[in-house]
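Data block for model.pdb (PDB, C-alpha atoms):
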ATOM      1  CA  MET A1329    -122.549  -5.655 155.843  1.00  0.00           C
ATOM      2  CA  GLU A1330    -126.311  -5.943 155.735  1.00  0.00           C
ATOM      3  CA  ASN A1331    -128.447  -4.585 152.914  1.00  0.00           C
ATOM      4  CA  ILE A1332    -127.968  -0.816 152.910  1.00  0.00           C
ATOM      5  CA  SER A1333    -131.222   0.013 151.088  1.00  0.00           C
ATOM      6  CA  PRO A1334    -133.534   0.245 154.151  1.00  0.00           C
ATOM      7  CA  TYR A1335    -131.137   2.597 155.938  1.00  0.00           C
ATOM      8  CA  LEU A1336    -129.875   4.717 153.040  1.00  0.00           C
ATOM      9  CA  PRO A1337    -132.696   7.332 152.999  1.00  0.00           C
ATOM     10  CA  GLY A1338    -132.223   8.054 156.708  1.00  0.00           C
ATOM     11  CA  ILE A1339    -128.441   8.267 156.336  1.00  0.00           C
ATOM     12  CA  ILE A1340    -128.747  10.698 153.425  1.00  0.00           C
ATOM     13  CA  LEU A1341    -131.259  12.800 155.363  1.00  0.00           C
ATOM     14  CA  SER A1342    -128.820  12.917 158.285  1.00  0.00           C
ATOM     15  CA  TYR A1343    -126.083  14.122 155.933  1.00  0.00           C
ATOM     16  CA  GLY A1344    -128.360  16.789 154.493  1.00  0.00           C
ATOM     17  CA  ALA A1345    -129.449  18.081 157.894  1.00  0.00           C
ATOM     18  CA  PHE A1346    -125.865  18.255 159.121  1.00  0.00           C
ATOM     19  CA  LEU A1347    -124.648  19.945 155.943  1.00  0.00           C
ATOM     20  CA  LEU A1348    -127.230  22.701 156.229  1.00  0.00           C
ATOM     21  CA  ALA A1349    -126.490  23.096 159.935  1.00  0.00           C
ATOM     22  CA  VAL A1350    -122.806  23.640 159.088  1.00  0.00           C
ATOM     23  CA  ILE A1351    -123.400  26.195 156.332  1.00  0.00           C
ATOM     24  CA  SER A1352    -125.949  28.103 158.417  1.00  0.00           C
ATOM     25  CA  PRO A1353    -124.298  31.021 160.279  1.00  0.00           C
ATOM     26  CA  GLY A1354    -123.536  30.178 163.890  1.00  0.00           C
ATOM     27  CA  PRO A1355    -120.822  30.682 166.558  1.00  0.00           C
ATOM     28  CA  ALA A1356    -118.358  28.253 164.940  1.00  0.00           C
ATOM     29  CA  MET A1357    -118.732  29.704 161.457  1.00  0.00           C
ATOM     30  CA  MET A1358    -118.402  33.269 162.720  1.00  0.00           C
ATOM     31  CA  ALA A1359    -115.292  32.370 164.747  1.00  0.00           C
ATOM     32  CA  ILE A1360    -113.634  30.736 161.724  1.00  0.00           C
ATOM     33  CA  LEU A1361    -114.413  33.726 159.516  1.00  0.00           C
ATOM     34  CA  GLY A1362    -113.155  36.107 162.180  1.00  0.00           C
ATOM     35  CA  ALA A1363    -109.914  34.165 162.666  1.00  0.00           C
ATOM     36  CA  SER A1364    -109.270  33.899 158.920  1.00  0.00           C
ATOM     37  CA  MET A1365    -109.879  37.600 158.296  1.00  0.00           C
ATOM     38  CA  GLY A1366    -108.278  38.892 161.478  1.00  0.00           C
ATOM     39  CA  ALA A1367    -105.253  36.627 161.962  1.00  0.00           C
ATOM     40  CA  GLY A1368    -104.735  34.956 158.589  1.00  0.00           C
ATOM     41  CA  ARG A1369    -105.404  31.670 156.861  1.00  0.00           C
ATOM     42  CA  PRO A1370    -103.308  29.416 159.184  1.00  0.00           C
ATOM     43  CA  ALA A1371    -105.268  30.698 162.184  1.00  0.00           C
ATOM     44  CA  GLY A1372    -108.560  30.011 160.431  1.00  0.00           C
ATOM     45  CA  VAL A1373    -107.448  26.501 159.459  1.00  0.00           C
ATOM     46  CA  GLY A1374    -106.356  25.786 163.033  1.00  0.00           C
ATOM     47  CA  LEU A1375    -109.668  26.952 164.454  1.00  0.00           C
ATOM     48  CA  ALA A1376    -111.585  24.986 161.811  1.00  0.00           C
ATOM     49  CA  MET A1377    -109.740  21.778 162.692  1.00  0.00           C
ATOM     50  CA  GLY A1378    -110.554  22.353 166.347  1.00  0.00           C
ATOM     51  CA  VAL A1379    -114.236  22.679 165.482  1.00  0.00           C
ATOM     52  CA  VAL A1380    -114.039  19.459 163.440  1.00  0.00           C
ATOM     53  CA  GLY A1381    -112.431  17.692 166.403  1.00  0.00           C
ATOM     54  CA  GLY A1382    -115.255  18.867 168.657  1.00  0.00           C
ATOM     55  CA  SER A1383    -117.825  17.689 166.114  1.00  0.00           C
ATOM     56  CA  LEU A1384    -116.161  14.275 166.000  1.00  0.00           C
ATOM     57  CA  THR A1385    -116.301  14.002 169.789  1.00  0.00           C
ATOM     58  CA  TRP A1386    -119.973  14.946 169.951  1.00  0.00           C
ATOM     59  CA  GLY A1387    -120.788  12.696 167.009  1.00  0.00           C
ATOM     60  CA  VAL A1388    -119.187   9.610 168.557  1.00  0.00           C
ATOM     61  CA  LEU A1389    -120.721  10.269 171.975  1.00  0.00           C
ATOM     62  CA  THR A1390    -124.178  10.893 170.542  1.00  0.00           C
ATOM     63  CA  ALA A1391    -124.179   7.931 168.151  1.00  0.00           C
ATOM     64  CA  ALA A1392    -122.895   5.549 170.820  1.00  0.00           C
ATOM     65  CA  GLY A1393    -125.393   6.816 173.370  1.00  0.00           C
ATOM     66  CA  LEU A1394    -128.415   6.645 171.074  1.00  0.00           C
ATOM     67  CA  SER A1395    -127.397   3.240 169.738  1.00  0.00           C
ATOM     68  CA  THR A1396    -127.152   1.877 173.277  1.00  0.00           C
ATOM     69  CA  ILE A1397    -130.483   3.385 174.298  1.00  0.00           C
ATOM     70  CA  LEU A1398    -132.291   2.046 171.235  1.00  0.00           C
ATOM     71  CA  ALA A1399    -130.753  -1.403 171.644  1.00  0.00           C
ATOM     72  CA  THR A1400    -132.092  -1.547 175.211  1.00  0.00           C
ATOM     73  CA  TYR A1401    -135.281   0.465 174.975  1.00  0.00           C
ATOM     74  CA  ALA A1402    -136.726   0.451 171.454  1.00  0.00           C
ATOM     75  CA  SER A1403    -139.674   2.561 172.637  1.00  0.00           C
ATOM     76  CA  ALA A1404    -137.245   5.389 173.415  1.00  0.00           C
ATOM     77  CA  LEU A1405    -137.087   6.125 169.680  1.00  0.00           C
ATOM     78  CA  PHE A1406    -140.521   7.800 169.859  1.00  0.00           C
ATOM     79  CA  VAL A1407    -139.347  10.257 172.532  1.00  0.00           C
ATOM     80  CA  ILE A1408    -136.068  10.912 170.712  1.00  0.00           C
ATOM     81  CA  LYS A1409    -137.843  11.567 167.408  1.00  0.00           C
ATOM     82  CA  VAL A1410    -140.341  13.948 169.002  1.00  0.00           C
ATOM     83  CA  PHE A1411    -137.511  15.854 170.679  1.00  0.00           C
ATOM     84  CA  GLY A1412    -135.387  15.879 167.518  1.00  0.00           C
ATOM     85  CA  GLY A1413    -138.298  16.820 165.280  1.00  0.00           C
ATOM     86  CA  LEU A1414    -139.281  19.766 167.443  1.00  0.00           C
ATOM     87  CA  TYR A1415    -135.679  20.954 167.549  1.00  0.00           C
ATOM     88  CA  LEU A1416    -135.427  20.794 163.752  1.00  0.00           C
ATOM     89  CA  LEU A1417    -138.622  22.835 163.470  1.00  0.00           C
ATOM     90  CA  TRP A1418    -137.085  25.384 165.836  1.00  0.00           C
ATOM     91  CA  LEU A1419    -134.005  25.529 163.591  1.00  0.00           C
ATOM     92  CA  ALA A1420    -136.335  26.069 160.625  1.00  0.00           C
ATOM     93  CA  TYR A1421    -137.976  28.993 162.433  1.00  0.00           C
ATOM     94  CA  LYS A1422    -134.560  30.504 163.200  1.00  0.00           C
ATOM     95  CA  ALA A1423    -133.456  30.096 159.590  1.00  0.00           C
ATOM     96  CA  PHE A1424    -136.617  31.701 158.195  1.00  0.00           C
ATOM     97  CA  SER A1425    -136.235  34.554 160.706  1.00  0.00           C
ATOM     98  CA  ALA A1426    -132.647  35.076 159.566  1.00  0.00           C
ATOM     99  CA  ALA A1427    -133.747  35.017 155.930  1.00  0.00           C
ATOM    100  CA  ALA A1428    -136.324  37.724 156.671  1.00  0.00           C
ATOM    101  CA  SER A1429    -133.764  39.885 158.483  1.00  0.00           C
ATOM    102  CA  ARG A1430    -131.857  42.532 156.561  1.00  0.00           C
ATOM    103  CA  HIS A1431    -128.950  42.596 159.002  1.00  0.00           C
ATOM    104  CA  ASP A1432    -125.589  41.622 157.572  1.00  0.00           C
ATOM    105  CA  LEU A1433    -123.297  39.040 159.139  1.00  0.00           C
ATOM    106  CA  GLU A1434    -121.628  40.127 162.345  1.00  0.00           C
ATOM    107  CA  ILE A1435    -118.195  38.530 162.348  1.00  0.00           C
ATOM    108  CA  SER A1436    -116.366  38.212 165.638  1.00  0.00           C
ATOM    109  CA  ARG A1437    -112.642  38.993 165.606  1.00  0.00           C
ATOM    110  CA  ALA A1438    -112.076  37.969 169.197  1.00  0.00           C
ATOM    111  CA  ALA A1439    -109.664  35.245 168.097  1.00  0.00           C
ATOM    112  CA  ARG A1440    -107.178  37.788 166.797  1.00  0.00           C
ATOM    113  CA  GLY A1441    -105.175  37.736 170.030  1.00  0.00           C
ATOM    114  CA  GLN A1442    -104.233  34.063 169.743  1.00  0.00           C
ATOM    115  CA  ARG A1443    -100.625  33.351 168.759  1.00  0.00           C
ATOM    116  CA  SER A1444    -100.406  29.930 167.146  1.00  0.00           C
ATOM    117  CA  ALA A1445    -102.464  27.570 165.006  1.00  0.00           C
ATOM    118  CA  TRP A1446    -102.441  25.105 167.916  1.00  0.00           C
ATOM    119  CA  GLU A1447    -104.007  27.701 170.206  1.00  0.00           C
ATOM    120  CA  PHE A1448    -106.619  28.450 167.570  1.00  0.00           C
ATOM    121  CA  GLY A1449    -107.315  24.727 167.283  1.00  0.00           C
ATOM    122  CA  ARG A1450    -107.782  24.423 171.027  1.00  0.00           C
ATOM    123  CA  ARG A1451    -110.105  27.414 170.985  1.00  0.00           C
ATOM    124  CA  GLY A1452    -112.152  25.837 168.174  1.00  0.00           C
ATOM    125  CA  TYR A1453    -112.423  22.535 170.038  1.00  0.00           C
ATOM    126  CA  ILE A1454    -113.573  24.254 173.227  1.00  0.00           C
ATOM    127  CA  LEU A1455    -116.057  26.330 171.218  1.00  0.00           C
ATOM    128  CA  ALA A1456    -117.584  23.206 169.657  1.00  0.00           C
ATOM    129  CA  MET A1457    -117.705  21.271 172.914  1.00  0.00           C
ATOM    130  CA  THR A1458    -119.210  24.061 175.028  1.00  0.00           C
ATOM    131  CA  ASN A1459    -121.851  25.198 172.548  1.00  0.00           C
ATOM    132  CA  PRO A1460    -125.144  23.835 173.995  1.00  0.00           C
ATOM    133  CA  LYS A1461    -126.648  23.680 170.515  1.00  0.00           C
ATOM    134  CA  SER A1462    -124.018  21.160 169.396  1.00  0.00           C
ATOM    135  CA  VAL A1463    -125.414  18.213 171.311  1.00  0.00           C
ATOM    136  CA  LEU A1464    -128.998  19.110 170.334  1.00  0.00           C
ATOM    137  CA  THR A1465    -128.020  19.265 166.673  1.00  0.00           C
ATOM    138  CA  TRP A1466    -126.211  15.940 166.900  1.00  0.00           C
ATOM    139  CA  ILE A1467    -129.165  14.230 168.577  1.00  0.00           C
ATOM    140  CA  ALA A1468    -131.451  15.463 165.810  1.00  0.00           C
ATOM    141  CA  VAL A1469    -129.010  14.524 163.031  1.00  0.00           C
ATOM    142  CA  VAL A1470    -128.189  11.044 164.335  1.00  0.00           C
ATOM    143  CA  SER A1471    -131.783  10.165 165.193  1.00  0.00           C
ATOM    144  CA  LEU A1472    -132.824  10.939 161.605  1.00  0.00           C
ATOM    145  CA  GLY A1473    -130.851   7.925 160.403  1.00  0.00           C
ATOM    146  CA  LEU A1474    -131.180   5.484 163.300  1.00  0.00           C
ATOM    147  CA  THR A1475    -133.912   2.912 163.877  1.00  0.00           C
ATOM    148  CA  PRO A1476    -134.213   0.404 166.741  1.00  0.00           C
ATOM    149  CA  ASP A1477    -132.976  -2.419 164.502  1.00  0.00           C
ATOM    150  CA  ALA A1478    -130.185  -0.432 162.833  1.00  0.00           C
ATOM    151  CA  PRO A1479    -126.811  -2.216 162.923  1.00  0.00           C
ATOM    152  CA  LEU A1480    -123.730  -0.514 164.315  1.00  0.00           C
ATOM    153  CA  TRP A1481    -122.395   0.368 160.884  1.00  0.00           C
ATOM    154  CA  VAL A1482    -125.336   2.739 160.298  1.00  0.00           C
ATOM    155  CA  ALA A1483    -124.302   4.914 163.246  1.00  0.00           C
ATOM    156  CA  ALA A1484    -120.681   4.709 162.067  1.00  0.00           C
ATOM    157  CA  ALA A1485    -121.674   5.741 158.537  1.00  0.00           C
ATOM    158  CA  ILE A1486    -123.588   8.747 159.873  1.00  0.00           C
ATOM    159  CA  VAL A1487    -120.670   9.913 162.028  1.00  0.00           C
ATOM    160  CA  ILE A1488    -117.973   9.341 159.385  1.00  0.00           C
ATOM    161  CA  GLY A1489    -119.973  11.036 156.645  1.00  0.00           C
ATOM    162  CA  THR A1490    -120.935  14.057 158.733  1.00  0.00           C
ATOM    163  CA  ILE A1491    -117.383  14.536 160.026  1.00  0.00           C
ATOM    164  CA  PHE A1492    -116.134  14.466 156.436  1.00  0.00           C
ATOM    165  CA  LEU A1493    -118.667  17.180 155.593  1.00  0.00           C
ATOM    166  CA  SER A1494    -117.626  19.148 158.678  1.00  0.00           C
ATOM    167  CA  ALA A1495    -113.968  19.040 157.651  1.00  0.00           C
ATOM    168  CA  VAL A1496    -114.638  20.013 154.033  1.00  0.00           C
ATOM    169  CA  ILE A1497    -117.010  22.894 154.832  1.00  0.00           C
ATOM    170  CA  ASN A1498    -115.122  24.370 157.805  1.00  0.00           C
ATOM    171  CA  LEU A1499    -111.751  24.178 156.067  1.00  0.00           C
ATOM    172  CA  SER A1500    -113.325  25.777 152.994  1.00  0.00           C
ATOM    173  CA  TYR A1501    -114.476  28.645 155.202  1.00  0.00           C
ATOM    174  CA  ALA A1502    -110.960  29.090 156.561  1.00  0.00           C
ATOM    175  CA  LEU A1503    -109.367  29.038 153.106  1.00  0.00           C
ATOM    176  CA  ALA A1504    -111.935  31.143 151.291  1.00  0.00           C
ATOM    177  CA  PHE A1505    -112.862  33.728 153.899  1.00  0.00           C
ATOM    178  CA  SER A1506    -109.352  35.007 154.443  1.00  0.00           C
ATOM    179  CA  THR A1507    -110.396  37.691 151.922  1.00  0.00           C
ATOM    180  CA  PRO A1508    -113.150  40.264 152.583  1.00  0.00           C
ATOM    181  CA  MET A1509    -114.524  39.729 149.067  1.00  0.00           C
ATOM    182  CA  MET A1510    -115.847  36.283 149.997  1.00  0.00           C
ATOM    183  CA  VAL A1511    -117.654  37.700 153.025  1.00  0.00           C
ATOM    184  CA  ARG A1512    -119.375  40.247 150.793  1.00  0.00           C
ATOM    185  CA  LEU A1513    -120.427  37.529 148.346  1.00  0.00           C
ATOM    186  CA  TYR A1514    -121.796  35.341 151.131  1.00  0.00           C
ATOM    187  CA  THR A1515    -123.640  38.288 152.648  1.00  0.00           C
ATOM    188  CA  ARG A1516    -125.425  38.921 149.351  1.00  0.00           C
ATOM    189  CA  ALA A1517    -126.532  35.281 149.140  1.00  0.00           C
ATOM    190  CA  ARG A1518    -127.250  34.883 152.856  1.00  0.00           C
ATOM    191  CA  ARG A1519    -131.023  35.365 152.781  1.00  0.00           C
ATOM    192  CA  GLY A1520    -131.546  32.877 149.974  1.00  0.00           C
ATOM    193  CA  ILE A1521    -129.315  30.323 151.671  1.00  0.00           C
ATOM    194  CA  GLN A1522    -131.192  30.709 154.946  1.00  0.00           C
ATOM    195  CA  ALA A1523    -134.526  30.252 153.194  1.00  0.00           C
ATOM    196  CA  VAL A1524    -133.315  26.958 151.692  1.00  0.00           C
ATOM    197  CA  VAL A1525    -131.938  25.890 155.075  1.00  0.00           C
ATOM    198  CA  GLY A1526    -135.259  26.668 156.768  1.00  0.00           C
ATOM    199  CA  THR A1527    -137.225  24.708 154.173  1.00  0.00           C
ATOM    200  CA  PHE A1528    -135.070  21.618 154.604  1.00  0.00           C
ATOM    201  CA  PHE A1529    -135.148  21.762 158.402  1.00  0.00           C
ATOM    202  CA  ALA A1530    -138.941  22.108 158.312  1.00  0.00           C
ATOM    203  CA  TYR A1531    -139.202  19.080 156.014  1.00  0.00           C
ATOM    204  CA  ALA A1532    -136.810  17.008 158.156  1.00  0.00           C
ATOM    205  CA  GLY A1533    -138.585  17.973 161.372  1.00  0.00           C
ATOM    206  CA  LEU A1534    -142.039  17.135 160.026  1.00  0.00           C
ATOM    207  CA  ARG A1535    -140.736  13.895 158.571  1.00  0.00           C
ATOM    208  CA  MET A1536    -139.282  12.886 161.922  1.00  0.00           C
ATOM    209  CA  LEU A1537    -142.478  13.736 163.806  1.00  0.00           C
ATOM    210  CA  THR A1538    -144.715  11.857 161.378  1.00  0.00           C
ATOM    211  CA  ASP A1539    -142.457   8.843 160.769  1.00  0.00           C
ATOM    212  CA  ARG A1540    -143.972   5.687 162.203  1.00  0.00           C
ATOM    213  CA  GLY A1541    -140.886   3.546 161.506  1.00  0.00           C
TER     214      GLY A1541
END

Rewrite the structure from the file as structure tokens, please.
Amino acid sequence: MENISPYLPGIILSYGAFLLAVISPGPAMMAILGASMGAGRPAGVGLAMGVVGGSLTWGVLTAAGLSTILATYASALFVIKVFGGLYLLWLAYKAFSAAASRHDLEISRAARGQRSAWEFGRRGYILAMTNPKSVLTWIAVVSLGLTPDAPLWVAAAIVIGTIFLSAVINLSYALAFSTPMMVRLYTRARRGIQAVVGTFFAYAGLRMLTDRG
């Protein structure tokens, strides 16, 4: 393996962006909370694993695609970084807007009608794969850590690390939010969490847009 030092800051930034994207309320998080509260912990775990499977699919596809593009057209990195940076700034705006809002979390319980953990898992996978924001998030996350000369292991490290985070966070949601008390605690901390999320996304977006590497 080549010297990791030149690539480590970008990899860590990718991990941080993905982590905050996962903990920020969105369709997947709301579905997991709804399944855990409405149909029990096994249902929430099944749906969470489906979401993780969808994240893995998008992560592999995105990393492979960007790596191939950068290996062939190094100049494409400028376009990718502009696109990714603007998207991260949009996520920052959404996070700050959510932090300013006084509305509580609206948890969907649509998954209650499912019968088995396998069906919940399939629903979670479909949810992750059909969410148009998923691919945009993955492009932004992966492009934070990739450079035209980055070896293949850098893309692999980004995908493996982010999928590990996805599994830990989403399974934690399923295990913890099977009780209403946890939802109340998260609701109280929601605005502060969103403010932190917005700050990081703004930093990552500006860093991507101003990076000349």

Selection in question (the file shown): the PyMOL selection byres ((chain A and resi 1497-1510) around 10). Which residues does it include, as a tab-separated table (two decimals) with C-alpha atoms, in the coordinates of the input?
chain	number	residue	atom	x	y	z
A	1347	LEU	CA	-124.65	19.94	155.94
A	1350	VAL	CA	-122.81	23.64	159.09
A	1351	ILE	CA	-123.40	26.20	156.33
A	1356	ALA	CA	-118.36	28.25	164.94
A	1357	MET	CA	-118.73	29.70	161.46
A	1358	MET	CA	-118.40	33.27	162.72
A	1359	ALA	CA	-115.29	32.37	164.75
A	1360	ILE	CA	-113.63	30.74	161.72
A	1361	LEU	CA	-114.41	33.73	159.52
A	1362	GLY	CA	-113.16	36.11	162.18
A	1363	ALA	CA	-109.91	34.16	162.67
A	1364	SER	CA	-109.27	33.90	158.92
A	1365	MET	CA	-109.88	37.60	158.30
A	1366	GLY	CA	-108.28	38.89	161.48
A	1367	ALA	CA	-105.25	36.63	161.96
A	1368	GLY	CA	-104.74	34.96	158.59
A	1369	ARG	CA	-105.40	31.67	156.86
A	1370	PRO	CA	-103.31	29.42	159.18
A	1371	ALA	CA	-105.27	30.70	162.18
A	1372	GLY	CA	-108.56	30.01	160.43
A	1373	VAL	CA	-107.45	26.50	159.46
A	1374	GLY	CA	-106.36	25.79	163.03
A	1375	LEU	CA	-109.67	26.95	164.45
A	1376	ALA	CA	-111.58	24.99	161.81
A	1377	MET	CA	-109.74	21.78	162.69
A	1378	GLY	CA	-110.55	22.35	166.35
A	1379	VAL	CA	-114.24	22.68	165.48
A	1380	VAL	CA	-114.04	19.46	163.44
A	1491	ILE	CA	-117.38	14.54	160.03
A	1492	PHE	CA	-116.13	14.47	156.44
A	1493	LEU	CA	-118.67	17.18	155.59
A	1494	SER	CA	-117.63	19.15	158.68
A	1495	ALA	CA	-113.97	19.04	157.65
A	1496	VAL	CA	-114.64	20.01	154.03
A	1511	VAL	CA	-117.65	37.70	153.02
A	1512	ARG	CA	-119.38	40.25	150.79
A	1513	LEU	CA	-120.43	37.53	148.35
A	1514	TYR	CA	-121.80	35.34	151.13
A	1515	THR	CA	-123.64	38.29	152.65
A	1516	ARG	CA	-125.42	38.92	149.35

Original post:
So what does the PyMOL selection byres ((chain A and resi 1467-1473) around 6) actually pick up in this one, as JSON, numbers by chain?
Top reply: {"A": [1338, 1339, 1342, 1412, 1464, 1465, 1466, 1474]}

Subject >> Expected answer as a ChimeraX atom specification: all residues with atoms within 12 Å of (-120.2, 3.5, 155.6), all atoms listed in the file >> reply: /A:1329-1332,1335-1336,1339-1340,1479-1490,1492

Please write the residues picked by the PyMOL selection byres ((chain A and resi 1538) around 12) on this file as a compact mmCIF listing (two decimals) with C-alpha atoms, in the frame of the given file.
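Now in selection04.txt:
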# COMPACT_ATOMS: atom_id res chain seq x y z
CA PHE A 1406 -140.52 7.80 169.86
CA LYS A 1409 -137.84 11.57 167.41
CA VAL A 1410 -140.34 13.95 169.00
CA GLY A 1412 -135.39 15.88 167.52
CA GLY A 1413 -138.30 16.82 165.28
CA LEU A 1414 -139.28 19.77 167.44
CA LEU A 1472 -132.82 10.94 161.60
CA TYR A 1531 -139.20 19.08 156.01
CA ALA A 1532 -136.81 17.01 158.16
CA GLY A 1533 -138.58 17.97 161.37
CA LEU A 1534 -142.04 17.14 160.03
CA ARG A 1535 -140.74 13.90 158.57
CA MET A 1536 -139.28 12.89 161.92
CA LEU A 1537 -142.48 13.74 163.81
CA ASP A 1539 -142.46 8.84 160.77
CA ARG A 1540 -143.97 5.69 162.20
CA GLY A 1541 -140.89 3.55 161.51

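Picture a line from CA of Ile1521 (chain A) to CA of Leu1348 (chain A); it runs 9.1 Å.
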
**OP:** Can you pull out every residue within 12 Å of Ser1429 (chain A), counting only C-alpha atoms, but drop anything in the same chain fewer than 2 positions away, and send it as a list in words?
**Re:**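 Non-adjacent residues within range: Lys1422, Ala1423, Phe1424, Ser1425, Ala1426, Ala1427, His1431, Asp1432, Leu1433, Thr1515, Arg1518, Arg1519, Gly1520, Gln1522 and Ala1523 of chain A.
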
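Going from CA of Gly1382 (chain A) over to CA of Asp1477 (chain A), you cover 28.0 Å.
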
**OP:** For CA of Ala1420 (chain A) and CA of Ile1454 (chain A), quote the distance in Å rounded to one decimal.
**Re:**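 Going from CA of Ala1420 (chain A) over to CA of Ile1454 (chain A) covers 26.1 Å.
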
N, CA and C atoms are needed for region 1370-1389 of chain A; please write them out as a PDB file, keeping the file's coordinate frame.
ATOM      1  N   PRO A1370    -103.696  30.500 158.253  1.00  0.00           N
ATOM      2  CA  PRO A1370    -103.308  29.416 159.184  1.00  0.00           C
ATOM      3  C   PRO A1370    -104.134  29.422 160.470  1.00  0.00           C
ATOM      4  N   ALA A1371    -104.450  30.609 160.971  1.00  0.00           N
ATOM      5  CA  ALA A1371    -105.268  30.698 162.184  1.00  0.00           C
ATOM      6  C   ALA A1371    -106.666  30.153 161.927  1.00  0.00           C
ATOM      7  N   GLY A1372    -107.240  30.506 160.765  1.00  0.00           N
ATOM      8  CA  GLY A1372    -108.560  30.011 160.431  1.00  0.00           C
ATOM      9  C   GLY A1372    -108.582  28.501 160.264  1.00  0.00           C
ATOM     10  N   VAL A1373    -107.532  27.948 159.636  1.00  0.00           N
ATOM     11  CA  VAL A1373    -107.448  26.501 159.459  1.00  0.00           C
ATOM     12  C   VAL A1373    -107.331  25.810 160.814  1.00  0.00           C
ATOM     13  N   GLY A1374    -106.499  26.371 161.707  1.00  0.00           N
ATOM     14  CA  GLY A1374    -106.356  25.786 163.033  1.00  0.00           C
ATOM     15  C   GLY A1374    -107.664  25.777 163.792  1.00  0.00           C
ATOM     16  N   LEU A1375    -108.389  26.886 163.745  1.00  0.00           N
ATOM     17  CA  LEU A1375    -109.668  26.952 164.454  1.00  0.00           C
ATOM     18  C   LEU A1375    -110.674  25.996 163.831  1.00  0.00           C
ATOM     19  N   ALA A1376    -110.665  25.900 162.493  1.00  0.00           N
ATOM     20  CA  ALA A1376    -111.585  24.986 161.811  1.00  0.00           C
ATOM     21  C   ALA A1376    -111.326  23.542 162.211  1.00  0.00           C
ATOM     22  N   MET A1377    -110.055  23.153 162.303  1.00  0.00           N
ATOM     23  CA  MET A1377    -109.740  21.778 162.692  1.00  0.00           C
ATOM     24  C   MET A1377    -110.160  21.503 164.128  1.00  0.00           C
ATOM     25  N   GLY A1378    -110.073  22.523 164.980  1.00  0.00           N
ATOM     26  CA  GLY A1378    -110.554  22.353 166.347  1.00  0.00           C
ATOM     27  C   GLY A1378    -112.053  22.127 166.391  1.00  0.00           C
ATOM     28  N   VAL A1379    -112.788  22.856 165.564  1.00  0.00           N
ATOM     29  CA  VAL A1379    -114.236  22.679 165.482  1.00  0.00           C
ATOM     30  C   VAL A1379    -114.572  21.278 164.972  1.00  0.00           C
ATOM     31  N   VAL A1380    -113.815  20.804 163.967  1.00  0.00           N
ATOM     32  CA  VAL A1380    -114.039  19.459 163.440  1.00  0.00           C
ATOM     33  C   VAL A1380    -113.775  18.411 164.517  1.00  0.00           C
ATOM     34  N   GLY A1381    -112.719  18.614 165.305  1.00  0.00           N
ATOM     35  CA  GLY A1381    -112.431  17.692 166.403  1.00  0.00           C
ATOM     36  C   GLY A1381    -113.557  17.659 167.426  1.00  0.00           C
ATOM     37  N   GLY A1382    -114.121  18.815 167.738  1.00  0.00           N
ATOM     38  CA  GLY A1382    -115.255  18.867 168.657  1.00  0.00           C
ATOM     39  C   GLY A1382    -116.472  18.173 168.082  1.00  0.00           C
ATOM     40  N   SER A1383    -116.696  18.362 166.765  1.00  0.00           N
ATOM     41  CA  SER A1383    -117.825  17.689 166.114  1.00  0.00           C
ATOM     42  C   SER A1383    -117.657  16.173 166.159  1.00  0.00           C
ATOM     43  N   LEU A1384    -116.423  15.714 165.944  1.00  0.00           N
ATOM     44  CA  LEU A1384    -116.161  14.275 166.000  1.00  0.00           C
ATOM     45  C   LEU A1384    -116.459  13.723 167.392  1.00  0.00           C
ATOM     46  N   THR A1385    -116.047  14.445 168.418  1.00  0.00           N
ATOM     47  CA  THR A1385    -116.301  14.002 169.789  1.00  0.00           C
ATOM     48  C   THR A1385    -117.787  13.907 170.069  1.00  0.00           C
ATOM     49  N   TRP A1386    -118.533  14.960 169.728  1.00  0.00           N
ATOM     50  CA  TRP A1386    -119.973  14.946 169.951  1.00  0.00           C
ATOM     51  C   TRP A1386    -120.649  13.867 169.115  1.00  0.00           C
ATOM     52  N   GLY A1387    -120.181  13.686 167.872  1.00  0.00           N
ATOM     53  CA  GLY A1387    -120.788  12.696 167.009  1.00  0.00           C
ATOM     54  C   GLY A1387    -120.645  11.284 167.553  1.00  0.00           C
ATOM     55  N   VAL A1388    -119.430  10.941 168.010  1.00  0.00           N
ATOM     56  CA  VAL A1388    -119.187   9.610 168.557  1.00  0.00           C
ATOM     57  C   VAL A1388    -119.995   9.396 169.838  1.00  0.00           C
ATOM     58  N   LEU A1389    -119.983  10.393 170.717  1.00  0.00           N
ATOM     59  CA  LEU A1389    -120.721  10.269 171.975  1.00  0.00           C
ATOM     60  C   LEU A1389    -122.221  10.125 171.731  1.00  0.00           C
TER      61      LEU A1389
END
